[in-house]
$ cat upload-v1.cif   # mmCIF, C-alpha atoms
data_model
loop_
_atom_site.label_atom_id
_atom_site.label_comp_id
_atom_site.auth_asym_id
_atom_site.auth_seq_id
_atom_site.Cartn_x
_atom_site.Cartn_y
_atom_site.Cartn_z
CA MET A 1 -51.60 -108.78 21.10
CA ASP A 2 -49.00 -110.68 22.39
CA ASN A 3 -46.10 -109.74 24.44
CA LYS A 4 -43.67 -109.80 21.77
CA SER A 5 -45.74 -107.71 19.52
CA THR A 6 -46.44 -105.31 22.34
CA HIS A 7 -42.81 -105.12 23.05
CA ASN A 8 -42.10 -104.47 19.41
CA GLU A 9 -44.83 -101.95 19.38
CA ASN A 10 -43.39 -100.33 22.51
CA ALA A 11 -39.94 -100.42 21.08
CA ARG A 12 -41.20 -98.88 17.92
CA LEU A 13 -43.11 -96.24 19.87
CA THR A 14 -40.07 -95.60 21.99
CA ALA A 15 -38.01 -95.30 18.88
CA LEU A 16 -40.65 -92.98 17.39
CA ILE A 17 -40.74 -90.93 20.60
CA LYS A 18 -36.99 -90.75 20.61
CA GLU A 19 -37.08 -89.82 16.95
CA VAL A 20 -39.78 -87.19 17.62
CA GLN A 21 -37.80 -85.91 20.62
CA GLN A 22 -34.68 -85.80 18.47
CA LYS A 23 -36.63 -84.02 15.76
CA ASN A 24 -38.02 -81.65 18.43
CA ARG A 25 -34.44 -80.99 19.64
CA ASP A 26 -33.30 -80.56 16.05
CA LEU A 27 -36.32 -78.38 15.41
CA GLU A 28 -35.61 -76.39 18.60
CA LEU A 29 -31.96 -76.03 17.57
CA HIS A 30 -33.09 -75.06 14.11
CA ARG A 31 -35.62 -72.63 15.61
CA GLU A 32 -32.89 -71.15 17.86
CA LYS A 33 -30.59 -70.97 14.87
CA VAL A 34 -33.32 -69.27 12.82
CA GLU A 35 -34.09 -66.99 15.79
CA MET A 36 -30.37 -66.11 16.01
CA GLN A 37 -30.37 -65.48 12.29
CA ASN A 38 -33.52 -63.37 12.68
CA ILE A 39 -31.87 -61.43 15.53
CA LYS A 40 -28.76 -60.97 13.40
CA ALA A 41 -30.92 -60.02 10.43
CA ARG A 42 -32.92 -57.52 12.58
CA ARG A 43 -29.67 -56.11 13.94
CA ARG A 44 -28.28 -55.95 10.42
CA THR A 45 -31.54 -54.39 9.21
CA ILE A 46 -31.44 -51.86 12.08
CA GLU A 47 -27.76 -51.25 11.38
CA LEU A 48 -28.46 -50.86 7.65
CA PHE A 49 -31.47 -48.64 8.42
CA GLY A 50 -29.21 -46.53 10.69
CA LYS A 51 -26.61 -46.42 7.96
CA MET A 52 -29.32 -45.50 5.46
CA ILE A 53 -30.45 -42.68 7.79
CA ASP A 54 -26.80 -41.68 8.26
CA LEU A 55 -26.39 -41.81 4.48
CA LYS A 56 -29.45 -39.58 3.99
CA LYS A 57 -28.10 -37.21 6.65
CA ALA A 58 -24.69 -37.33 4.95
CA LYS A 59 -26.35 -36.61 1.59
CA LYS A 60 -28.18 -33.63 3.12
CA ILE A 61 -24.94 -32.44 4.69
CA ILE A 62 -23.13 -32.89 1.38
CA VAL A 63 -25.90 -30.98 -0.43
CA LEU A 64 -25.69 -28.19 2.17
CA GLN A 65 -21.90 -28.20 2.01
CA ASN A 66 -22.04 -28.13 -1.79
CA GLU A 67 -24.43 -25.16 -1.64
CA GLU A 68 -22.17 -23.45 0.88
CA LEU A 69 -19.14 -24.30 -1.26
CA GLU A 70 -20.92 -22.86 -4.31
CA LYS A 71 -21.67 -19.66 -2.37
CA LYS A 72 -18.06 -19.47 -1.25
CA ASN A 73 -16.88 -20.06 -4.82
CA GLU A 74 -19.16 -17.25 -5.98
CA GLU A 75 -17.77 -15.02 -3.22
CA ILE A 76 -14.23 -15.99 -4.19
CA ASN A 77 -15.01 -15.20 -7.83
CA ARG A 78 -16.48 -11.81 -6.83
CA LYS A 79 -13.43 -11.08 -4.70
CA ARG A 80 -11.12 -12.30 -7.48
CA THR A 81 -12.88 -9.99 -9.94
CA ALA A 82 -12.64 -7.10 -7.46
CA LEU A 83 -8.99 -7.94 -6.85
CA GLU A 84 -8.29 -8.04 -10.57
CA HIS A 85 -10.06 -4.68 -10.94
CA THR A 86 -8.00 -3.30 -8.06
CA TYR A 87 -4.84 -4.71 -9.65
CA VAL A 88 -5.67 -2.98 -12.94
CA LYS A 89 -6.27 0.29 -11.07
CA PHE A 90 -3.07 -0.20 -9.08
CA ARG A 91 -1.12 -0.89 -12.26
CA LYS A 92 -2.53 2.22 -13.96
CA ARG A 93 -1.80 4.29 -10.86
CA THR A 94 1.74 2.89 -10.70
CA ILE A 95 2.27 3.83 -14.35
CA GLU A 96 0.88 7.31 -13.63
CA LEU A 97 3.13 7.67 -10.61
CA PHE A 98 6.11 6.48 -12.61
CA GLY A 99 5.31 9.10 -15.26
CA LYS A 100 5.04 11.72 -12.55
CA MET A 101 8.35 10.55 -11.10
CA VAL A 102 9.92 11.00 -14.53
CA ASP A 103 8.33 14.46 -14.77
CA LEU A 104 9.57 15.26 -11.26
CA ARG A 105 13.05 14.10 -12.20
CA LYS A 106 12.96 16.35 -15.27
CA ALA A 107 11.67 19.24 -13.15
CA TYR A 108 14.37 18.52 -10.57
CA ASN A 109 17.03 18.63 -13.29
CA ILE A 110 15.56 21.86 -14.68
CA ILE A 111 15.48 23.38 -11.20
CA ASN A 112 19.08 22.30 -10.57
CA ASN A 113 20.16 23.84 -13.86
CA GLN A 114 18.23 27.00 -12.98
CA LYS A 115 19.86 27.02 -9.53
CA LYS A 116 23.28 26.77 -11.15
CA GLU A 117 22.38 29.56 -13.57
CA ILE A 118 21.02 31.70 -10.72
CA GLU A 119 24.18 31.03 -8.71
CA GLN A 120 26.31 32.10 -11.71
CA GLN A 121 24.15 35.19 -12.15
CA ARG A 122 24.39 35.90 -8.40
CA LYS A 123 28.19 35.69 -8.58
CA LYS A 124 28.21 37.90 -11.68
CA LEU A 125 25.86 40.37 -9.94
CA HIS A 126 28.10 40.32 -6.87
CA GLU A 127 31.11 41.05 -9.09
CA LEU A 128 29.20 43.82 -10.90
CA ASN A 129 28.09 45.27 -7.55
CA ALA A 130 31.66 45.19 -6.31
CA SER A 131 32.78 46.92 -9.54
CA LYS A 132 30.01 49.51 -9.16
CA ASP A 133 30.96 50.14 -5.53
CA LYS A 134 34.59 50.51 -6.52
CA PHE A 135 33.59 52.82 -9.39
CA PHE A 136 31.46 54.97 -7.07
CA SER A 137 34.28 55.00 -4.54
CA ILE A 138 36.68 56.25 -7.22
CA ILE A 139 34.16 58.85 -8.45
CA ALA A 140 33.43 59.94 -4.89
CA HIS A 141 37.15 60.28 -4.24
CA ASP A 142 37.68 62.19 -7.48
CA LEU A 143 34.75 64.51 -6.69
CA LYS A 144 35.65 64.97 -3.05
CA ASN A 145 38.75 67.18 -3.56
CA PRO A 146 37.24 69.63 -6.10
CA ILE A 147 34.00 69.88 -4.09
CA ALA A 148 36.01 70.39 -0.91
CA GLY A 149 37.88 73.18 -2.73
CA PHE A 150 34.60 74.76 -3.83
CA LEU A 151 33.27 74.48 -0.31
CA GLY A 152 36.37 76.03 1.19
CA LEU A 153 36.50 78.92 -1.28
CA THR A 154 32.79 79.64 -1.07
CA GLU A 155 32.96 79.53 2.72
CA VAL A 156 35.80 82.04 2.78
CA MET A 157 33.99 84.22 0.29
CA ALA A 158 30.67 83.97 2.12
CA MET A 159 32.18 84.98 5.47
CA ASP A 160 33.79 88.15 4.48
CA MET A 161 33.67 89.04 0.83
CA LYS A 162 34.15 92.74 1.48
CA SER A 163 37.50 92.32 3.11
CA PHE A 164 39.04 90.90 -0.07
CA SER A 165 40.54 93.04 -2.76
CA ASP A 166 39.39 92.86 -6.33
CA GLU A 167 42.54 90.93 -7.26
CA GLU A 168 41.92 88.39 -4.51
CA LYS A 169 38.30 88.07 -5.60
CA GLN A 170 39.46 87.52 -9.18
CA GLU A 171 41.94 84.91 -7.96
CA PHE A 172 39.11 83.11 -6.06
CA ILE A 173 36.91 83.18 -9.14
CA ASN A 174 39.75 81.74 -11.27
CA LEU A 175 40.32 78.98 -8.70
CA LEU A 176 36.59 78.18 -8.76
CA PHE A 177 36.65 78.11 -12.57
CA ASP A 178 39.73 75.80 -12.69
CA SER A 179 38.22 73.56 -10.05
CA SER A 180 34.91 73.35 -11.92
CA LYS A 181 36.73 72.47 -15.18
CA GLN A 182 38.63 69.76 -13.35
CA LEU A 183 35.41 68.54 -11.75
CA HIS A 184 33.67 68.56 -15.14
#
$ encode --input "upload-v1.cif" --output "structure tokens"
Amino acid sequence: MDNKSTHNENARLTALIKEVQQKNRDLELHREKVEMQNIKARRRTIELFGKMIDLKKAKKIIVLQNEELEKKNEEINRKRTALEHTYVKFRKRTIELFGKMVDLRKAYNIINNQKKEIEQQRKKLHELNASKDKFFSIIAHDLKNPIAGFLGLTEVMAMDMKSFSDEEKQEFINLLFDSSKQLH
């Protein structure tokens, strides 16, 4: 092999080596690029797996919250029903109380009318009592003088009837008779 051909062969080998080295560098860059992509893909996979786990956790939480919300809705519905029942009772009771208030108002008016009537009767009774007292006072006054006369005459006669003459006795008897007629 001659020098020239060796040189060509060396140049070709050098070119091939350079080409292989370049391809190795390209391959290494490509491998690094692929490795970076693999790292990114693993990170993305891990991130997605984490998000998937978070999503499953979120779904479980949502299911639990939905169950809790359903329980709360049931409780709210029970309380609403109880409240509506209480409202109906309250409304009935209010109507009853209103009716009783009306009855009380009527009773109050009746009592007031009765009070007025009693007051009128009390005044009339007071007037009648005053008339009665006046009447008894007049009767007592009218009876007082004749009774006092009887008392006086009977006292005189009781003390000493023997000392009087028959004429005086007759006069006393006539006075008693006149006084009793007047009294009658």
$ residues_around --input "upload-v1.cif" --residues "Thr154 (chain A)" --least-positions-apart "5" --cutoff "12 Å" --atoms "all atoms listed in the file" --output "list in words"
Ile147, Ala148, Gly149, Met159, Asp160, Met161, Lys169, Phe172, Ile173, Leu175 and Leu176 of chain A
$ write_last_selection --input "upload-v1.cif" --atoms "C-alpha atoms" --output "mmCIF file, in the frame of the given file"
data_model
loop_
_atom_site.group_PDB
_atom_site.id
_atom_site.type_symbol
_atom_site.label_atom_id
_atom_site.label_comp_id
_atom_site.auth_asym_id
_atom_site.auth_seq_id
_atom_site.Cartn_x
_atom_site.Cartn_y
_atom_site.Cartn_z
ATOM 1 C CA ILE A 147 34.000 69.880 -4.090
ATOM 2 C CA ALA A 148 36.010 70.390 -0.910
ATOM 3 C CA GLY A 149 37.880 73.180 -2.730
ATOM 4 C CA MET A 159 32.180 84.980 5.470
ATOM 5 C CA ASP A 160 33.790 88.150 4.480
ATOM 6 C CA MET A 161 33.670 89.040 0.830
ATOM 7 C CA LYS A 169 38.300 88.070 -5.600
ATOM 8 C CA PHE A 172 39.110 83.110 -6.060
ATOM 9 C CA ILE A 173 36.910 83.180 -9.140
ATOM 10 C CA LEU A 175 40.320 78.980 -8.700
ATOM 11 C CA LEU A 176 36.590 78.180 -8.760
#
$ atom_distance --input "upload-v1.cif" --atom1 "CA of Ser180 (chain A)" --atom2 "CA of Ser131 (chain A)"
26.6 Å
$ atom_distance --input "upload-v1.cif" --atom1 "CA of Glu35 (chain A)" --atom2 "CA of Ile17 (chain A)"
25.3 Å
$ atom_distance --input "upload-v1.cif" --atom1 "CA of Ala107 (chain A)" --atom2 "CA of Lys92 (chain A)"
22.2 Å
$ axis_aligned_box --input "upload-v1.cif" --around "region 72-79 of chain A" --padding-each-side "6 Å" --output "lines of an AutoDock Vina configuration file"
center_x = -16.3
center_y = -15.6
center_z = -4.5
size_x = 17.7
size_y = 21.0
size_z = 18.6
$ closest_residue --input "upload-v1.cif" --among "A:Lys123, A:Glu168, A:Gln114, A:Lys132" --to "Val156 (chain A)" --atoms "all atoms listed in the file"
A:Glu168
$ closest_residue --input "upload-v1.cif" --among "A:Lys115, A:Lys23, A:His184, A:Met157" --to "Glu171 (chain A)" --atoms "all atoms listed in the file"
A:Met157
$ build_atoms --input "upload-v1.cif" --residues "region 90-119 of chain A" --atoms "N, CA and C atoms" --output "mmCIF file, in the frame of the given file"
data_model
loop_
_atom_site.group_PDB
_atom_site.id
_atom_site.type_symbol
_atom_site.label_atom_id
_atom_site.label_comp_id
_atom_site.auth_asym_id
_atom_site.auth_seq_id
_atom_site.Cartn_x
_atom_site.Cartn_y
_atom_site.Cartn_z
ATOM 1 N N PHE A 90 -4.387 -0.367 -9.701
ATOM 2 C CA PHE A 90 -3.070 -0.200 -9.080
ATOM 3 C C PHE A 90 -1.991 -0.084 -10.155
ATOM 4 N N ARG A 91 -2.111 -0.910 -11.183
ATOM 5 C CA ARG A 91 -1.120 -0.890 -12.260
ATOM 6 C C ARG A 91 -1.166 0.445 -12.996
ATOM 7 N N LYS A 92 -2.393 0.918 -13.295
ATOM 8 C CA LYS A 92 -2.530 2.220 -13.960
ATOM 9 C C LYS A 92 -1.960 3.321 -13.089
ATOM 10 N N ARG A 93 -2.284 3.262 -11.796
ATOM 11 C CA ARG A 93 -1.800 4.290 -10.860
ATOM 12 C C ARG A 93 -0.283 4.247 -10.759
ATOM 13 N N THR A 94 0.284 3.031 -10.755
ATOM 14 C CA THR A 94 1.740 2.890 -10.700
ATOM 15 C C THR A 94 2.372 3.507 -11.944
ATOM 16 N N ILE A 95 1.751 3.257 -13.103
ATOM 17 C CA ILE A 95 2.270 3.830 -14.350
ATOM 18 C C ILE A 95 2.177 5.353 -14.295
ATOM 19 N N GLU A 96 1.030 5.861 -13.782
ATOM 20 C CA GLU A 96 0.880 7.310 -13.630
ATOM 21 C C GLU A 96 1.959 7.875 -12.714
ATOM 22 N N LEU A 97 2.138 7.199 -11.579
ATOM 23 C CA LEU A 97 3.130 7.670 -10.610
ATOM 24 C C LEU A 97 4.534 7.616 -11.205
ATOM 25 N N PHE A 98 4.799 6.576 -11.979
ATOM 26 C CA PHE A 98 6.110 6.480 -12.610
ATOM 27 C C PHE A 98 6.303 7.643 -13.575
ATOM 28 N N GLY A 99 5.245 7.949 -14.355
ATOM 29 C CA GLY A 99 5.310 9.100 -15.260
ATOM 30 C C GLY A 99 5.538 10.388 -14.494
ATOM 31 N N LYS A 100 4.856 10.519 -13.372
ATOM 32 C CA LYS A 100 5.040 11.720 -12.550
ATOM 33 C C LYS A 100 6.438 11.773 -11.962
ATOM 34 N N MET A 101 6.973 10.593 -11.604
ATOM 35 C CA MET A 101 8.350 10.550 -11.100
ATOM 36 C C MET A 101 9.320 11.013 -12.177
ATOM 37 N N VAL A 102 9.062 10.572 -13.414
ATOM 38 C CA VAL A 102 9.920 11.000 -14.530
ATOM 39 C C VAL A 102 9.797 12.513 -14.704
ATOM 40 N N ASP A 103 8.539 13.013 -14.660
ATOM 41 C CA ASP A 103 8.330 14.460 -14.770
ATOM 42 C C ASP A 103 9.017 15.196 -13.631
ATOM 43 N N LEU A 104 8.907 14.633 -12.417
ATOM 44 C CA LEU A 104 9.570 15.260 -11.260
ATOM 45 C C LEU A 104 11.083 15.257 -11.431
ATOM 46 N N ARG A 105 11.605 14.176 -11.976
ATOM 47 C CA ARG A 105 13.050 14.100 -12.200
ATOM 48 C C ARG A 105 13.475 15.166 -13.210
ATOM 49 N N LYS A 106 12.669 15.323 -14.283
ATOM 50 C CA LYS A 106 12.960 16.350 -15.270
ATOM 51 C C LYS A 106 12.896 17.728 -14.618
ATOM 52 N N ALA A 107 11.828 17.954 -13.833
ATOM 53 C CA ALA A 107 11.670 19.240 -13.150
ATOM 54 C C ALA A 107 12.833 19.474 -12.188
ATOM 55 N N TYR A 108 13.239 18.414 -11.495
ATOM 56 C CA TYR A 108 14.370 18.520 -10.570
ATOM 57 C C TYR A 108 15.627 18.927 -11.332
ATOM 58 N N ASN A 109 15.849 18.292 -12.481
ATOM 59 C CA ASN A 109 17.030 18.630 -13.290
ATOM 60 C C ASN A 109 16.937 20.076 -13.782
ATOM 61 N N ILE A 110 15.746 20.475 -14.229
ATOM 62 C CA ILE A 110 15.560 21.860 -14.680
ATOM 63 C C ILE A 110 15.832 22.826 -13.546
ATOM 64 N N ILE A 111 15.284 22.518 -12.375
ATOM 65 C CA ILE A 111 15.480 23.380 -11.200
ATOM 66 C C ILE A 111 16.955 23.441 -10.829
ATOM 67 N N ASN A 112 17.643 22.298 -10.869
ATOM 68 C CA ASN A 112 19.080 22.300 -10.570
ATOM 69 C C ASN A 112 19.852 23.151 -11.566
ATOM 70 N N ASN A 113 19.492 23.016 -12.842
ATOM 71 C CA ASN A 113 20.160 23.840 -13.860
ATOM 72 C C ASN A 113 19.861 25.318 -13.618
ATOM 73 N N GLN A 114 18.603 25.611 -13.267
ATOM 74 C CA GLN A 114 18.230 27.000 -12.980
ATOM 75 C C GLN A 114 18.966 27.509 -11.740
ATOM 76 N N LYS A 115 19.102 26.632 -10.740
ATOM 77 C CA LYS A 115 19.860 27.020 -9.530
ATOM 78 C C LYS A 115 21.296 27.367 -9.887
ATOM 79 N N LYS A 116 21.895 26.515 -10.737
ATOM 80 C CA LYS A 116 23.280 26.770 -11.150
ATOM 81 C C LYS A 116 23.368 28.100 -11.900
ATOM 82 N N GLU A 117 22.389 28.310 -12.796
ATOM 83 C CA GLU A 117 22.380 29.560 -13.570
ATOM 84 C C GLU A 117 22.169 30.755 -12.648
ATOM 85 N N ILE A 118 21.255 30.614 -11.695
ATOM 86 C CA ILE A 118 21.020 31.700 -10.720
ATOM 87 C C ILE A 118 22.264 31.956 -9.908
ATOM 88 N N GLU A 119 22.950 30.870 -9.507
ATOM 89 C CA GLU A 119 24.180 31.030 -8.710
ATOM 90 C C GLU A 119 25.242 31.766 -9.545
#
